[in-house]
$ cat my_file.txt   # compact mmCIF, C-alpha atoms
# COMPACT_ATOMS: atom_id res chain seq x y z
CA ALA A 27 1.38 -10.81 -4.28
CA PHE A 28 1.75 -8.99 -7.60
CA SER A 29 -1.91 -7.94 -7.53
CA ILE A 30 -1.45 -6.33 -4.10
CA ALA A 31 1.92 -4.77 -4.88
CA GLY A 32 0.77 -3.37 -8.24
CA THR A 33 -0.43 -0.13 -6.66
CA ASN A 34 3.01 0.51 -5.19
CA ILE A 35 4.76 -0.26 -8.47
CA VAL A 36 2.61 2.42 -10.08
CA SER A 37 3.46 4.81 -7.22
CA ALA A 38 7.19 4.16 -7.55
CA SER A 39 6.98 4.87 -11.28
CA GLY A 40 5.86 8.41 -10.46
CA PHE A 41 9.14 9.09 -8.65
CA ALA A 42 11.15 7.66 -11.54
CA TYR A 43 9.34 9.59 -14.29
CA LEU A 44 9.28 12.87 -12.36
CA ASN A 45 13.02 12.45 -11.79
CA THR A 46 13.58 12.83 -15.55
CA LEU A 47 12.12 16.35 -15.41
CA GLY A 48 14.95 17.60 -13.18
CA LYS A 49 12.63 19.55 -10.85
CA PRO A 50 13.49 18.83 -7.19
CA LEU A 51 10.54 20.92 -5.92
CA ILE A 52 8.06 18.80 -7.89
CA GLN A 53 9.78 15.56 -6.83
CA ALA A 54 9.83 16.59 -3.17
CA SER A 55 6.17 17.70 -3.20
CA PHE A 56 5.13 14.46 -4.89
CA GLY A 57 7.02 12.54 -2.20
CA ILE A 58 5.42 14.50 0.63
CA CYS A 59 1.92 13.88 -0.71
CA SER A 60 2.74 10.21 -1.35
CA SER A 61 3.79 9.75 2.28
CA TYR A 62 0.69 11.59 3.49
CA PHE A 63 -1.44 9.44 1.16
CA MET A 64 0.13 6.28 2.57
CA VAL A 65 -0.44 7.29 6.21
CA PHE A 66 -3.96 8.71 5.97
CA PHE A 67 -5.52 6.63 3.20
CA MET A 68 -3.61 3.52 2.17
CA ALA A 69 -2.63 2.44 5.70
CA ILE A 70 -6.17 2.84 7.02
CA MET A 71 -7.69 1.02 4.05
CA ILE A 72 -5.17 -1.83 4.04
CA SER A 73 -5.56 -2.37 7.79
CA ASN A 74 -9.35 -2.40 7.49
CA MET A 75 -9.26 -4.80 4.54
CA ASP A 76 -6.93 -7.05 6.53
CA LYS A 77 -9.51 -7.40 9.30
CA LEU A 78 -12.34 -7.92 6.80
CA GLY A 79 -10.40 -10.61 4.95
CA ILE A 80 -9.59 -12.57 8.11
CA THR A 81 -13.18 -12.51 9.38
CA LEU A 82 -14.68 -13.37 6.00
CA ALA A 83 -12.22 -16.20 5.28
CA GLN A 84 -13.05 -17.86 8.59
CA ALA A 85 -16.79 -17.76 7.88
CA TYR A 86 -16.29 -18.96 4.30
CA GLY A 87 -14.06 -21.83 5.42
CA LYS A 88 -16.85 -22.97 7.78
CA LYS A 89 -19.34 -22.69 4.89
CA ASP A 90 -21.38 -20.24 6.97
CA TYR A 91 -22.58 -18.37 3.88
CA SER A 92 -25.31 -16.38 5.62
CA ARG A 93 -22.65 -15.04 7.98
CA CYS A 94 -20.50 -14.19 4.94
CA ARG A 95 -23.21 -11.94 3.54
CA ILE A 96 -23.57 -10.16 6.88
CA ILE A 97 -19.82 -9.62 7.06
CA ILE A 98 -19.74 -8.29 3.48
CA THR A 99 -22.58 -5.85 4.20
CA GLN A 100 -21.15 -4.61 7.50
CA GLY A 101 -17.67 -4.49 5.97
CA ALA A 102 -18.92 -2.25 3.16
CA ILE A 103 -20.48 0.15 5.69
CA THR A 104 -17.28 0.18 7.78
CA THR A 105 -15.19 0.92 4.69
CA LEU A 106 -17.45 3.85 3.75
CA LEU A 107 -17.35 5.22 7.30
CA MET A 108 -13.56 5.10 7.52
CA PHE A 109 -13.14 6.72 4.14
CA GLY A 110 -15.84 9.38 4.53
CA LEU A 111 -15.13 10.34 8.15
CA VAL A 112 -11.35 9.92 8.33
CA SER A 113 -9.41 9.62 5.07
CA LEU A 114 -11.35 12.05 2.86
CA PRO A 115 -11.40 15.00 5.31
CA LEU A 116 -7.70 14.51 6.05
CA MET A 117 -6.81 14.46 2.36
CA LEU A 118 -8.89 17.56 1.60
CA ASN A 119 -7.17 19.45 4.42
CA GLU A 120 -3.65 18.24 3.69
CA GLU A 121 -2.14 21.68 3.07
CA ASN A 122 -3.36 23.11 6.37
CA LEU A 123 -2.17 20.11 8.36
CA LEU A 124 1.25 20.07 6.71
CA LEU A 125 1.69 23.81 7.32
CA LEU A 126 0.67 23.25 10.93
CA ILE A 127 3.55 20.81 11.48
CA GLY A 128 6.07 23.13 9.86
CA LEU A 129 6.52 21.95 6.27
CA PRO A 130 7.49 24.47 3.52
CA ALA A 131 4.51 26.38 2.11
CA GLU A 132 5.24 25.77 -1.58
CA ASN A 133 5.57 22.02 -1.04
CA CYS A 134 2.30 22.04 0.90
CA ARG A 135 0.48 23.89 -1.88
CA ILE A 136 1.59 21.44 -4.58
CA ALA A 137 0.84 18.46 -2.31
CA GLN A 138 -2.71 19.75 -1.76
CA GLN A 139 -3.29 20.07 -5.51
CA MET A 140 -2.20 16.46 -5.91
CA ALA A 141 -4.43 15.34 -3.03
CA ASN A 142 -7.48 17.05 -4.55
CA SER A 143 -6.84 15.35 -7.89
CA LEU A 144 -6.49 11.95 -6.19
CA VAL A 145 -9.99 11.91 -4.69
CA PRO A 146 -11.70 10.14 -7.67
CA ALA A 147 -8.95 7.50 -7.73
CA MET A 148 -9.32 7.02 -3.96
CA ILE A 149 -13.05 6.39 -4.29
CA VAL A 150 -12.49 3.86 -7.06
CA GLN A 151 -9.67 2.21 -5.11
CA CYS A 152 -11.88 1.73 -2.05
CA GLY A 153 -14.39 -0.21 -4.15
CA ALA A 154 -11.66 -2.18 -5.93
CA GLU A 155 -9.86 -3.18 -2.72
CA PHE A 156 -13.12 -4.14 -1.01
CA LEU A 157 -14.14 -6.45 -3.86
CA LYS A 158 -10.65 -7.91 -4.10
CA THR A 159 -10.66 -8.69 -0.37
CA VAL A 160 -14.02 -10.43 -0.68
CA CYS A 161 -12.78 -12.50 -3.63
CA PHE A 162 -9.45 -13.31 -1.94
CA SER A 163 -11.36 -14.65 1.06
CA GLN A 164 -13.00 -17.20 -1.24
CA GLY A 165 -9.68 -18.28 -2.73
CA HIS A 166 -10.00 -16.31 -6.00
CA GLU A 167 -6.53 -14.75 -6.07
CA SER A 168 -4.70 -15.73 -9.24
CA ILE A 169 -6.91 -13.82 -11.68
CA PHE A 170 -6.03 -10.51 -10.02
CA GLY A 171 -2.35 -11.24 -10.51
CA ARG A 172 -2.90 -12.13 -14.17
CA VAL A 173 -4.86 -8.93 -14.81
CA ASN A 174 -2.12 -6.86 -13.17
CA PHE A 175 0.48 -8.30 -15.53
CA PHE A 176 -1.44 -6.27 -18.11
CA ASN A 177 -2.69 -3.43 -15.91
CA VAL A 178 0.64 -2.42 -14.35
CA PRO A 179 2.51 -2.07 -17.69
CA LEU A 180 -0.47 -0.14 -19.07
CA SER A 181 -0.31 2.31 -16.16
CA LEU A 182 3.46 2.64 -16.51
CA LEU A 183 3.04 3.42 -20.20
CA LEU A 184 0.34 5.99 -19.50
CA SER A 185 2.52 7.62 -16.84
CA TYR A 186 5.36 7.86 -19.32
CA VAL A 187 3.13 9.47 -21.96
CA PHE A 188 1.38 11.85 -19.56
CA ILE A 189 4.45 12.93 -17.55
CA ILE A 190 7.26 12.90 -20.08
CA ARG A 191 5.66 13.20 -23.50
CA TRP A 192 2.79 15.53 -22.60
CA ASP A 193 4.61 17.32 -19.74
CA MET A 194 1.66 16.95 -17.33
CA GLU A 195 3.95 16.41 -14.32
CA ILE A 196 2.12 15.16 -11.19
CA GLN A 197 -1.32 15.40 -12.78
CA GLY A 198 -0.23 12.91 -15.44
CA TRP A 199 0.61 10.33 -12.78
CA VAL A 200 -2.77 10.91 -11.11
CA TYR A 201 -4.59 10.13 -14.38
CA SER A 202 -2.60 6.92 -14.88
CA LYS A 203 -3.41 5.83 -11.32
CA LEU A 204 -7.12 6.45 -11.94
CA VAL A 205 -7.03 4.18 -15.00
CA PHE A 206 -5.16 1.54 -12.99
CA GLU A 207 -7.78 1.55 -10.21
CA LEU A 208 -10.68 1.47 -12.70
CA VAL A 209 -9.27 -1.71 -14.25
CA ASN A 210 -8.94 -3.20 -10.76
CA LEU A 211 -12.53 -2.27 -9.94
CA CYS A 212 -13.84 -3.90 -13.12
CA THR A 213 -11.83 -7.04 -12.36
CA GLY A 214 -13.22 -7.21 -8.84
CA LEU A 215 -16.79 -6.81 -10.07
CA TYR A 216 -16.32 -9.52 -12.69
CA VAL A 217 -14.80 -12.04 -10.26
CA PHE A 218 -17.37 -11.34 -7.54
CA LEU A 219 -20.38 -11.57 -9.89
CA CYS A 220 -19.20 -14.49 -12.02
CA TRP A 221 -17.01 -16.62 -9.75
CA SER A 222 -18.50 -16.24 -6.27
CA ILE A 223 -21.02 -18.82 -5.19
CA PRO A 224 -24.63 -17.49 -5.21
CA GLU A 225 -25.00 -17.82 -1.43
CA VAL A 226 -22.50 -15.02 -0.70
CA LYS A 227 -23.67 -12.52 -3.30
CA GLY A 228 -25.67 -9.45 -2.36
CA PHE A 229 -26.39 -7.62 0.88
CA VAL A 230 -28.56 -8.61 3.82
CA SER A 231 -31.65 -6.86 5.19
CA LEU A 232 -31.43 -3.72 7.31
CA GLN A 233 -32.37 -5.70 10.41
CA GLU A 234 -29.51 -8.16 9.90
CA THR A 235 -27.15 -5.32 8.97
CA PHE A 236 -27.70 -3.30 12.14
CA SER A 237 -27.68 -6.36 14.38
CA GLY A 238 -24.13 -6.32 15.72
CA LEU A 239 -22.99 -3.51 13.36
CA GLY A 240 -21.63 -1.39 16.21
CA HIS A 241 -19.57 -4.30 17.54
CA PHE A 242 -18.28 -5.09 14.04
CA VAL A 243 -17.26 -1.47 13.41
CA LEU A 244 -15.58 -1.21 16.83
CA ASP A 245 -13.63 -4.43 16.27
CA SER A 246 -12.56 -3.20 12.84
CA VAL A 247 -11.41 0.14 14.24
CA LYS A 248 -9.41 -1.53 17.04
CA PHE A 249 -7.76 -3.94 14.60
CA THR A 250 -7.09 -1.11 12.15
CA LEU A 251 -5.43 1.02 14.83
CA GLY A 252 -3.21 -1.88 15.88
CA THR A 253 -2.00 -2.54 12.34
CA TYR A 254 -2.00 1.16 11.43
CA SER A 255 0.60 1.91 14.10
CA GLU A 256 3.16 -0.04 12.07
CA PHE A 257 2.47 2.04 8.96
CA PHE A 258 2.67 5.23 11.02
CA GLY A 259 6.04 4.21 12.46
CA PHE A 260 7.15 3.24 8.99
CA GLU A 261 6.47 6.73 7.63
CA ILE A 262 7.33 8.93 10.63
CA THR A 263 10.90 9.49 9.47
CA SER A 264 9.54 11.24 6.37
CA TYR A 265 8.46 14.09 8.63
CA PHE A 266 11.96 14.66 10.01
CA VAL A 267 13.31 14.95 6.48
CA ALA A 268 10.44 17.12 5.20
CA VAL A 269 10.82 19.81 7.87
CA THR A 270 14.40 20.48 6.70
CA GLY A 271 12.94 22.19 3.61
CA ASN A 272 15.77 20.70 1.51
CA ASN A 273 14.06 19.51 -1.68
CA ASP A 274 17.03 17.33 -2.66
CA SER A 275 16.93 15.44 0.63
CA ILE A 276 13.12 15.23 0.64
CA ALA A 277 13.03 13.90 -2.93
CA ALA A 278 15.84 11.40 -2.25
CA TYR A 279 14.28 10.07 0.94
CA THR A 280 10.71 9.79 -0.38
CA SER A 281 11.99 8.12 -3.55
CA PHE A 282 13.86 5.65 -1.38
CA ILE A 283 10.71 5.13 0.70
CA SER A 284 8.80 4.23 -2.49
CA VAL A 285 11.22 1.31 -3.01
CA ASN A 286 11.08 0.48 0.70
CA THR A 287 7.27 0.58 0.69
CA LEU A 288 7.07 -1.64 -2.38
CA LEU A 289 8.97 -4.39 -0.57
CA PHE A 290 7.00 -3.79 2.63
CA ILE A 291 3.72 -4.22 0.74
CA VAL A 292 5.01 -7.37 -0.98
CA GLY A 293 5.76 -8.76 2.48
CA LEU A 294 2.32 -7.67 3.64
CA SER A 295 0.75 -9.37 0.62
CA PHE A 296 2.60 -12.57 1.53
CA ALA A 297 1.11 -12.29 5.01
CA THR A 298 -2.37 -11.56 3.64
CA ILE A 299 -2.32 -14.55 1.30
CA CYS A 300 -0.89 -16.78 4.04
CA ARG A 301 -3.49 -15.67 6.60
CA THR A 302 -6.34 -16.12 4.12
CA ARG A 303 -5.28 -19.67 3.31
CA LEU A 304 -4.66 -20.52 6.96
CA ASN A 305 -8.10 -19.23 7.97
CA LEU A 306 -9.75 -21.21 5.19
CA LEU A 307 -7.93 -24.39 6.22
CA MET A 308 -8.67 -23.86 9.92
CA GLY A 309 -12.31 -23.21 9.08
CA MET A 310 -12.30 -26.55 7.23
CA HIS A 311 -10.76 -28.21 10.36
CA LEU A 312 -7.47 -29.10 8.65
CA PRO A 313 -4.86 -27.97 11.23
CA ASN A 314 -2.06 -30.24 9.98
CA THR A 315 -2.45 -28.98 6.41
CA ALA A 316 -2.50 -25.40 7.73
CA ARG A 317 0.72 -25.96 9.68
CA ASN A 318 2.51 -27.53 6.70
CA PHE A 319 1.35 -24.69 4.44
CA PHE A 320 2.63 -22.10 6.90
CA PHE A 321 6.13 -23.59 7.09
CA PHE A 322 6.28 -23.87 3.29
CA PHE A 323 5.21 -20.25 2.90
CA VAL A 324 7.72 -18.95 5.45
CA THR A 325 10.55 -20.79 3.67
CA CYS A 326 9.56 -19.33 0.30
CA ALA A 327 9.31 -15.81 1.76
CA ALA A 328 12.79 -16.08 3.32
CA ILE A 329 14.33 -17.24 0.04
CA VAL A 330 12.67 -14.43 -1.92
CA GLY A 331 13.86 -11.91 0.68
CA LEU A 332 17.48 -12.95 0.35
CA VAL A 333 17.31 -12.85 -3.45
CA VAL A 334 15.77 -9.36 -3.39
CA SER A 335 18.43 -8.12 -0.96
CA VAL A 336 21.24 -9.30 -3.23
CA ALA A 337 19.50 -7.78 -6.27
CA LEU A 338 19.11 -4.40 -4.54
CA PHE A 339 22.75 -4.34 -3.48
CA SER A 340 23.90 -5.17 -7.00
CA THR A 341 21.73 -2.54 -8.69
CA ARG A 342 21.82 0.30 -6.14
CA THR A 343 23.90 2.55 -8.43
CA ILE A 344 21.44 2.04 -11.29
CA LEU A 345 18.46 2.65 -9.01
CA ALA A 346 20.02 5.88 -7.73
CA GLU A 347 20.35 7.11 -11.32
CA PHE A 348 16.81 5.99 -12.12
CA PHE A 349 15.03 7.52 -9.12
CA ALA A 350 17.12 10.45 -7.92
CA ASN A 351 19.69 11.91 -10.33
CA SER A 352 18.19 15.40 -10.68
CA THR A 353 21.06 16.67 -8.54
CA GLU A 354 24.26 15.09 -7.24
CA ARG A 355 23.16 15.59 -3.61
CA MET A 356 19.87 13.83 -4.28
CA LYS A 357 21.57 10.87 -5.93
CA ASN A 358 24.14 10.48 -3.15
CA ASP A 359 21.48 10.58 -0.44
CA PHE A 360 19.38 7.96 -2.22
CA PHE A 361 22.43 5.72 -2.75
CA GLY A 362 23.41 5.96 0.94
CA LEU A 363 19.93 5.12 2.19
CA LEU A 364 19.56 2.16 -0.15
CA SER A 365 23.02 0.83 0.76
CA VAL A 366 21.97 0.59 4.41
CA TYR A 367 18.50 -0.73 3.65
CA VAL A 368 19.63 -3.78 1.65
CA PHE A 369 20.59 -5.47 4.94
CA ALA A 370 17.06 -4.98 6.30
CA ALA A 371 15.20 -5.84 3.08
CA PRO A 372 14.80 -9.58 3.84
CA SER A 373 12.83 -8.75 6.99
CA GLU A 374 10.25 -6.87 4.89
CA LEU A 375 9.42 -10.11 3.07
CA SER A 376 9.23 -12.32 6.13
CA VAL A 377 5.68 -13.57 6.47
CA ALA A 378 6.41 -14.48 10.11
CA THR A 379 7.23 -10.89 11.12
CA SER A 380 4.63 -9.33 8.83
CA MET A 381 1.91 -11.22 10.71
CA MET A 382 2.81 -9.37 13.89
CA GLY A 383 1.90 -5.73 14.55
CA MET A 384 4.62 -3.41 15.77
CA LYS A 385 7.52 -5.86 15.94
CA THR A 386 10.80 -5.32 17.77
CA LEU A 387 12.82 -5.79 14.61
CA GLY A 388 10.74 -3.11 12.87
CA ARG A 389 11.40 -0.66 15.70
CA ILE A 390 15.14 -1.29 15.57
CA ILE A 391 15.17 -0.73 11.80
CA ASP A 392 13.24 2.53 12.19
CA VAL A 393 15.75 3.78 14.79
CA LEU A 394 18.63 2.90 12.45
CA LYS A 395 16.91 4.75 9.59
CA ILE A 396 16.43 7.87 11.72
CA ALA A 397 20.06 7.81 12.84
CA PHE A 398 21.32 7.42 9.29
CA ILE A 399 19.05 10.18 7.97
CA PHE A 400 20.39 12.68 10.50
CA TYR A 401 23.93 11.60 9.65
CA VAL A 402 23.24 12.27 5.95
CA LEU A 403 21.60 15.64 6.64
CA LEU A 404 24.38 16.83 8.94
CA ASN A 405 27.06 15.96 6.41
$ encode --input "my_file.txt" --output "structure tokens"
Amino acid sequence: AFSIAGTNIVSASGFAYLNTLGKPLIQASFGICSSYFMVFFMAIMISNMDKLGITLAQAYGKKDYSRCRIIITQGAITTLLMFGLVSLPLMLNEENLLLLIGLPAENCRIAQQMANSLVPAMIVQCGAEFLKTVCFSQGHESIFGRVNFFNVPLSLLLSYVFIIRWDMEIQGWVYSKLVFELVNLCTGLYVFLCWSIPEVKGFVSLQETFSGLGHFVLDSVKFTLGTYSEFFGFEITSYFVAVTGNNDSIAAYTSFISVNTLLFIVGLSFATICRTRLNLLMGMHLPNTARNFFFFFVTCAAIVGLVVSVALFSTRTILAEFFANSTERMKNDFFGLLSVYVFAAPSELSVATSMMGMKTLGRIIDVLKIAFIFYVLLN
């Protein structure tokens, strides 16, 4: 879970470090671009990797290694297509799209500069996430967590130096993210080349690649759209705040969303790990073991969720100072949002609900968030 959530810890650090500069415009613009980045890059990539991991784990569990190589090859092509035809053009045209939906011009300009700088890190992250998904599907998970116990603190330290010591603002965070993703890419290459069994390494011939490629891409797109809708619903409230043009409110809400997203991704990582193990066990024809593992995992996720909820409630004043104390209005908005969210936090870590797409509970929570946001803005 830590290896999957590491990216969001690094993202959340950007809000915290930029908060020390006392520049609401910079904080708000960083938040706007972060939400845009989540919707049009991270959500698409995570959803696609989810589908790839499920399909690959099933084939690996059945020891159908020739099928594994076909899936890896077609998965790599699908990943490139989604990035090159969807995510990259949307990121490069962020300013125009944000202006089109009515966001403030200065925020849009700064967000576009950030998006342009993020392109190298996005390319590296695509490769890193693809390799990690392939390795996860074979049961090689723990090494990524161990590496991130070094990689995350390194990125946090670099962000501190670049943003605070060298006064590089948003660009400093972008550089630290690039280093973080490069370490992840190197880890993925090492695990894939050294730990994977020889039968699943490499790509297949062109004939095997194009046989069924269209069906594979279509299935991946349909699955991605189904999962993507949850991410889109998760982030849609950011738009309602952004169009107000109030940098204090924008910065407070997007900072809050960084905490919210971190827990959401931890819950998603629980679901990913659970699904991978379940598919491996089902592929090995061990349904009883799979059922017992599922119940054990759900229990652990529920316990962790309750502990996190209590911890958030106890530290919400400290977190408000840490993430959003540039102005009193910003801090109060953040504190109010977090105070409501602590009651929903356990649901973010529920592997049972994370395995569903757009769930009823998630919709109710989104409606409550929208209602509370308008209450805050009107008062």
$ closest_residue --input "my_file.txt" --among "A:Gln197, A:Thr213, A:Thr270, A:Thr315" --to "Ile169 in chain A" --atoms "all atoms listed in the file"
A:Thr213
$ atom_distance --input "my_file.txt" --atom1 "CA of Leu288 in chain A" --atom2 "CA of Asn34 in chain A"
5.4 Å
$ atom_distance --input "my_file.txt" --atom1 "CA of Phe249 in chain A" --atom2 "CA of Asp76 in chain A"
8.7 Å
$ residues_around --input "my_file.txt" --residues "range 177-186 of chain A" --least-positions-apart "5" --cutoff "10 Å" --atoms "only C-alpha atoms" --output "ChimeraX atom specification"
/A:28-29,31-40,42-44,170-172,191-210
$ write_last_selection --input "my_file.txt" --atoms "C-alpha atoms" --output "mmCIF file, in the coordinates of the input"
data_model
loop_
_atom_site.group_PDB
_atom_site.id
_atom_site.type_symbol
_atom_site.label_atom_id
_atom_site.label_comp_id
_atom_site.auth_asym_id
_atom_site.auth_seq_id
_atom_site.Cartn_x
_atom_site.Cartn_y
_atom_site.Cartn_z
ATOM 1 C CA PHE A 28 1.750 -8.990 -7.600
ATOM 2 C CA SER A 29 -1.910 -7.940 -7.530
ATOM 3 C CA ALA A 31 1.920 -4.770 -4.880
ATOM 4 C CA GLY A 32 0.770 -3.370 -8.240
ATOM 5 C CA THR A 33 -0.430 -0.130 -6.660
ATOM 6 C CA ASN A 34 3.010 0.510 -5.190
ATOM 7 C CA ILE A 35 4.760 -0.260 -8.470
ATOM 8 C CA VAL A 36 2.610 2.420 -10.080
ATOM 9 C CA SER A 37 3.460 4.810 -7.220
ATOM 10 C CA ALA A 38 7.190 4.160 -7.550
ATOM 11 C CA SER A 39 6.980 4.870 -11.280
ATOM 12 C CA GLY A 40 5.860 8.410 -10.460
ATOM 13 C CA ALA A 42 11.150 7.660 -11.540
ATOM 14 C CA TYR A 43 9.340 9.590 -14.290
ATOM 15 C CA LEU A 44 9.280 12.870 -12.360
ATOM 16 C CA PHE A 170 -6.030 -10.510 -10.020
ATOM 17 C CA GLY A 171 -2.350 -11.240 -10.510
ATOM 18 C CA ARG A 172 -2.900 -12.130 -14.170
ATOM 19 C CA ARG A 191 5.660 13.200 -23.500
ATOM 20 C CA TRP A 192 2.790 15.530 -22.600
ATOM 21 C CA ASP A 193 4.610 17.320 -19.740
ATOM 22 C CA MET A 194 1.660 16.950 -17.330
ATOM 23 C CA GLU A 195 3.950 16.410 -14.320
ATOM 24 C CA ILE A 196 2.120 15.160 -11.190
ATOM 25 C CA GLN A 197 -1.320 15.400 -12.780
ATOM 26 C CA GLY A 198 -0.230 12.910 -15.440
ATOM 27 C CA TRP A 199 0.610 10.330 -12.780
ATOM 28 C CA VAL A 200 -2.770 10.910 -11.110
ATOM 29 C CA TYR A 201 -4.590 10.130 -14.380
ATOM 30 C CA SER A 202 -2.600 6.920 -14.880
ATOM 31 C CA LYS A 203 -3.410 5.830 -11.320
ATOM 32 C CA LEU A 204 -7.120 6.450 -11.940
ATOM 33 C CA VAL A 205 -7.030 4.180 -15.000
ATOM 34 C CA PHE A 206 -5.160 1.540 -12.990
ATOM 35 C CA GLU A 207 -7.780 1.550 -10.210
ATOM 36 C CA LEU A 208 -10.680 1.470 -12.700
ATOM 37 C CA VAL A 209 -9.270 -1.710 -14.250
ATOM 38 C CA ASN A 210 -8.940 -3.200 -10.760
#
$ closest_residue --input "my_file.txt" --among "A:Leu312, A:Leu51, A:Val226, A:Ile299" --to "Ile80 in chain A" --atoms "only C-alpha atoms"
A:Ile299
$ atom_distance --input "my_file.txt" --atom1 "CA of Phe290 in chain A" --atom2 "CA of Leu364 in chain A"
14.2 Å
$ build_atoms --input "my_file.txt" --residues "range 278-298 of chain A" --atoms "N, CA and C atoms" --output "JSON list (two decimals), keeping the file's coordinate frame"
[["chain", "number", "residue", "atom", "x", "y", "z"],
["A", 278, "ALA", "N", 15.04, 12.62, -2.36],
["A", 278, "ALA", "CA", 15.84, 11.40, -2.25],
["A", 278, "ALA", "C", 15.21, 10.43, -1.25],
["A", 279, "TYR", "N", 14.81, 10.96, -0.10],
["A", 279, "TYR", "CA", 14.28, 10.07, 0.94],
["A", 279, "TYR", "C", 12.92, 9.49, 0.53],
["A", 280, "THR", "N", 12.02, 10.31, -0.01],
["A", 280, "THR", "CA", 10.71, 9.79, -0.38],
["A", 280, "THR", "C", 10.80, 8.84, -1.57],
["A", 281, "SER", "N", 11.77, 9.07, -2.46],
["A", 281, "SER", "CA", 11.99, 8.12, -3.55],
["A", 281, "SER", "C", 12.47, 6.79, -3.00],
["A", 282, "PHE", "N", 13.39, 6.87, -2.05],
["A", 282, "PHE", "CA", 13.86, 5.65, -1.38],
["A", 282, "PHE", "C", 12.71, 4.94, -0.68],
["A", 283, "ILE", "N", 11.85, 5.72, -0.01],
["A", 283, "ILE", "CA", 10.71, 5.13, 0.70],
["A", 283, "ILE", "C", 9.77, 4.41, -0.26],
["A", 284, "SER", "N", 9.68, 4.90, -1.51],
["A", 284, "SER", "CA", 8.80, 4.23, -2.49],
["A", 284, "SER", "C", 9.31, 2.82, -2.78],
["A", 285, "VAL", "N", 10.63, 2.65, -2.83],
["A", 285, "VAL", "CA", 11.22, 1.31, -3.01],
["A", 285, "VAL", "C", 11.01, 0.49, -1.74],
["A", 286, "ASN", "N", 11.26, 1.13, -0.60],
["A", 286, "ASN", "CA", 11.08, 0.48, 0.70],
["A", 286, "ASN", "C", 9.63, 0.01, 0.87],
["A", 287, "THR", "N", 8.68, 0.90, 0.55],
["A", 287, "THR", "CA", 7.27, 0.58, 0.69],
["A", 287, "THR", "C", 6.86, -0.56, -0.23],
["A", 288, "LEU", "N", 7.40, -0.57, -1.44],
["A", 288, "LEU", "CA", 7.07, -1.64, -2.38],
["A", 288, "LEU", "C", 7.40, -3.00, -1.78],
["A", 289, "LEU", "N", 8.58, -3.12, -1.18],
["A", 289, "LEU", "CA", 8.97, -4.39, -0.57],
["A", 289, "LEU", "C", 8.14, -4.67, 0.68],
["A", 290, "PHE", "N", 7.84, -3.62, 1.44],
["A", 290, "PHE", "CA", 7.00, -3.79, 2.63],
["A", 290, "PHE", "C", 5.62, -4.33, 2.25],
["A", 291, "ILE", "N", 5.05, -3.79, 1.18],
["A", 291, "ILE", "CA", 3.72, -4.22, 0.74],
["A", 291, "ILE", "C", 3.77, -5.63, 0.17],
["A", 292, "VAL", "N", 4.87, -5.98, -0.51],
["A", 292, "VAL", "CA", 5.01, -7.37, -0.98],
["A", 292, "VAL", "C", 5.02, -8.32, 0.21],
["A", 293, "GLY", "N", 5.76, -7.95, 1.27],
["A", 293, "GLY", "CA", 5.76, -8.76, 2.48],
["A", 293, "GLY", "C", 4.38, -8.83, 3.11],
["A", 294, "LEU", "N", 3.68, -7.70, 3.10],
["A", 294, "LEU", "CA", 2.32, -7.67, 3.64],
["A", 294, "LEU", "C", 1.38, -8.53, 2.80],
["A", 295, "SER", "N", 1.59, -8.54, 1.49],
["A", 295, "SER", "CA", 0.75, -9.37, 0.62],
["A", 295, "SER", "C", 1.02, -10.84, 0.87],
["A", 296, "PHE", "N", 2.30, -11.19, 1.15],
["A", 296, "PHE", "CA", 2.60, -12.57, 1.53],
["A", 296, "PHE", "C", 1.81, -12.95, 2.78],
["A", 297, "ALA", "N", 1.83, -12.03, 3.76],
["A", 297, "ALA", "CA", 1.11, -12.29, 5.01],
["A", 297, "ALA", "C", -0.39, -12.40, 4.78],
["A", 298, "THR", "N", -0.93, -11.53, 3.93],
["A", 298, "THR", "CA", -2.37, -11.56, 3.64],
["A", 298, "THR", "C", -2.78, -12.88, 3.00]]
